[in-house]
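Report on one structure; see the data block that follows.
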Amino acid sequence: MDMPDILLEIEREVRPHFGRGKVASYIPGLKRVPPDKFGMVVRMVDGGEYGVGQFTEPFSIQSISKLPMLMLAMSMMGEEIWRFVGKEPSGSAFNSLVQLEYEKGVPRNPFVNAGALVVLDAVMANTQGKASQVMLDYLRVLSQNFAIDYDRKVAASELRTGHRNAAIANLLRAHGRIRQAPDTLLEAYCLQCSLEMSCLDLARALLPLANSGVSPLLEEAVLTDRQTRRINALMMTCGMYDSVGSFAFRVGLPAKSGVGGGIVAVVPRHCCLVVWSPELDRSGNSLVGTAALELFARMTKLSIL
Ligand code: GLU
């Protein structure tokens, strides 16, 4: 089967899974998204690009934004970033406070919220506070879509209701782990998470992760090969909330999900895959998206395991 047929078959086979998950509602701005959306893109490093469903429709990338912010931090600070954040899976929820307190304010990894706040704080310190604009410009160039933007309503609704993230930011500050004031950092974090991109935008922008750090669109390195392998290792061990083990079991690819229902997965040296479907499973990962990636790995045997 060739790639367009594989995608059509996946779209057909995932249909029975609709209605089994729940659209995220704890961020008020997200709960209006129709639950039955589905889009998927496969972007090969050698140029092939295949999409199915609503793959050009922008959605809230939420925690997927932790990837480009980490890419920026690594390219600005190199190894220095690991002085601020760990590299181990957390085994607890992405917004857990307990572990952070036990471990004296050093977040387990860059993909739990505490870790993402520390990474953002570092990028803010390196950009005179302009991290949100720097990330937007970075992704506009990498995706070659200069129309992508933040959804300020979604950001404002999260800022109003994100009491747990506020507690995390305050705890980080109490332990002396961040330099920005908690309120400033939280505002930038909610904006970062509110970015809207389509499956196609994300697959193009994050393709360097499948290509040793080089963007095939720009013919330019945005990360070193070593940095790229490190990010992929972190995605493999920490990218899917606390069901990262069962995701590896089912799919076998480094991936990062967001509560907007997006998942980005990387097949090193082959392709970047992005799937979007808003209904989430109990761990907060797209239920239909995970099923689609499992089918993809099974049908193409493109899995690192
Ligand atoms: N903005 C969301 C939060 O901090 C992102 C969560 C996610 O996508 O995992 O709760």
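If you're wondering about the labels, chains in the structure tokens are A, B, ... by order shown, residues count from 1 in each chain, ligands from 1 in order shown.
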For Ser92 (chain A), list every protein, DNA or RNA residue within 9 Å, evaluated using only C-alpha atoms, and leave out those in the same chain fewer than 3 positions away; present the list as a list in words.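 My reading of the contact set: Pro89, Asn95, Ser96, Gln99, Tyr241 and Asp242 of chain A.
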Find the residues near ligand 1. Use a cut-off of 7 Å, count only C-alpha atoms and all ligand atoms, and write them as an MDAnalysis selection string. chainID A and resid 62:64 94:95 113 158 165 190 193 257:260
Set the distance at 9 Å and use only C-alpha atoms: which residues neighbour Ile10 (chain A) once local chain neighbours fewer than 5 positions away are removed? I'd like the list as a PyMOL selection string. chain A and resi 5+15+291-293+295-296
Test item: residues at most 10 Å from Ala248 (chain A), only C-alpha atoms, excluding those fewer than 2 positions along its chain, as a ChimeraX atom specification: /A:236-237,240,243-246,250-255,294,303-305
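Proximity of A:Trp82, A:Gln180, A:Leu7, A:Arg108 to Gln128 (chain A), computed with only C-alpha atoms, is greatest for A:Gln180.
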Can you measure CA of Met235 (chain A) to CA of Phe247 (chain A) for me? One decimal in Å is fine.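 About the pair CA of Met235 (chain A) and CA of Phe247 (chain A): they are 11.1 Å apart.
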With only C-alpha atoms as the atoms that count, which of A:Pro4, A:Pro68, A:Gly91, A:Pro35 lies nearest to Gly19 (chain A)?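 Among the listed residues, the smallest separation from Gly19 (chain A) belongs to A:Pro35.
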Per-residue DSSP, region 48-164 of chain A, filtered to alpha helix (DSSP H), as a ChimeraX atom specification: /A:66-77,98-102,113-126,131-143,152-161,163-164
Hey, which of A:Asn126, A:Gln133, A:Ser75, A:Ser157 ends up closest to Val222 (chain A)? Count only C-alpha atoms.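 Using only C-alpha atoms, the shortest distance to Val222 (chain A) belongs to A:Ser75.
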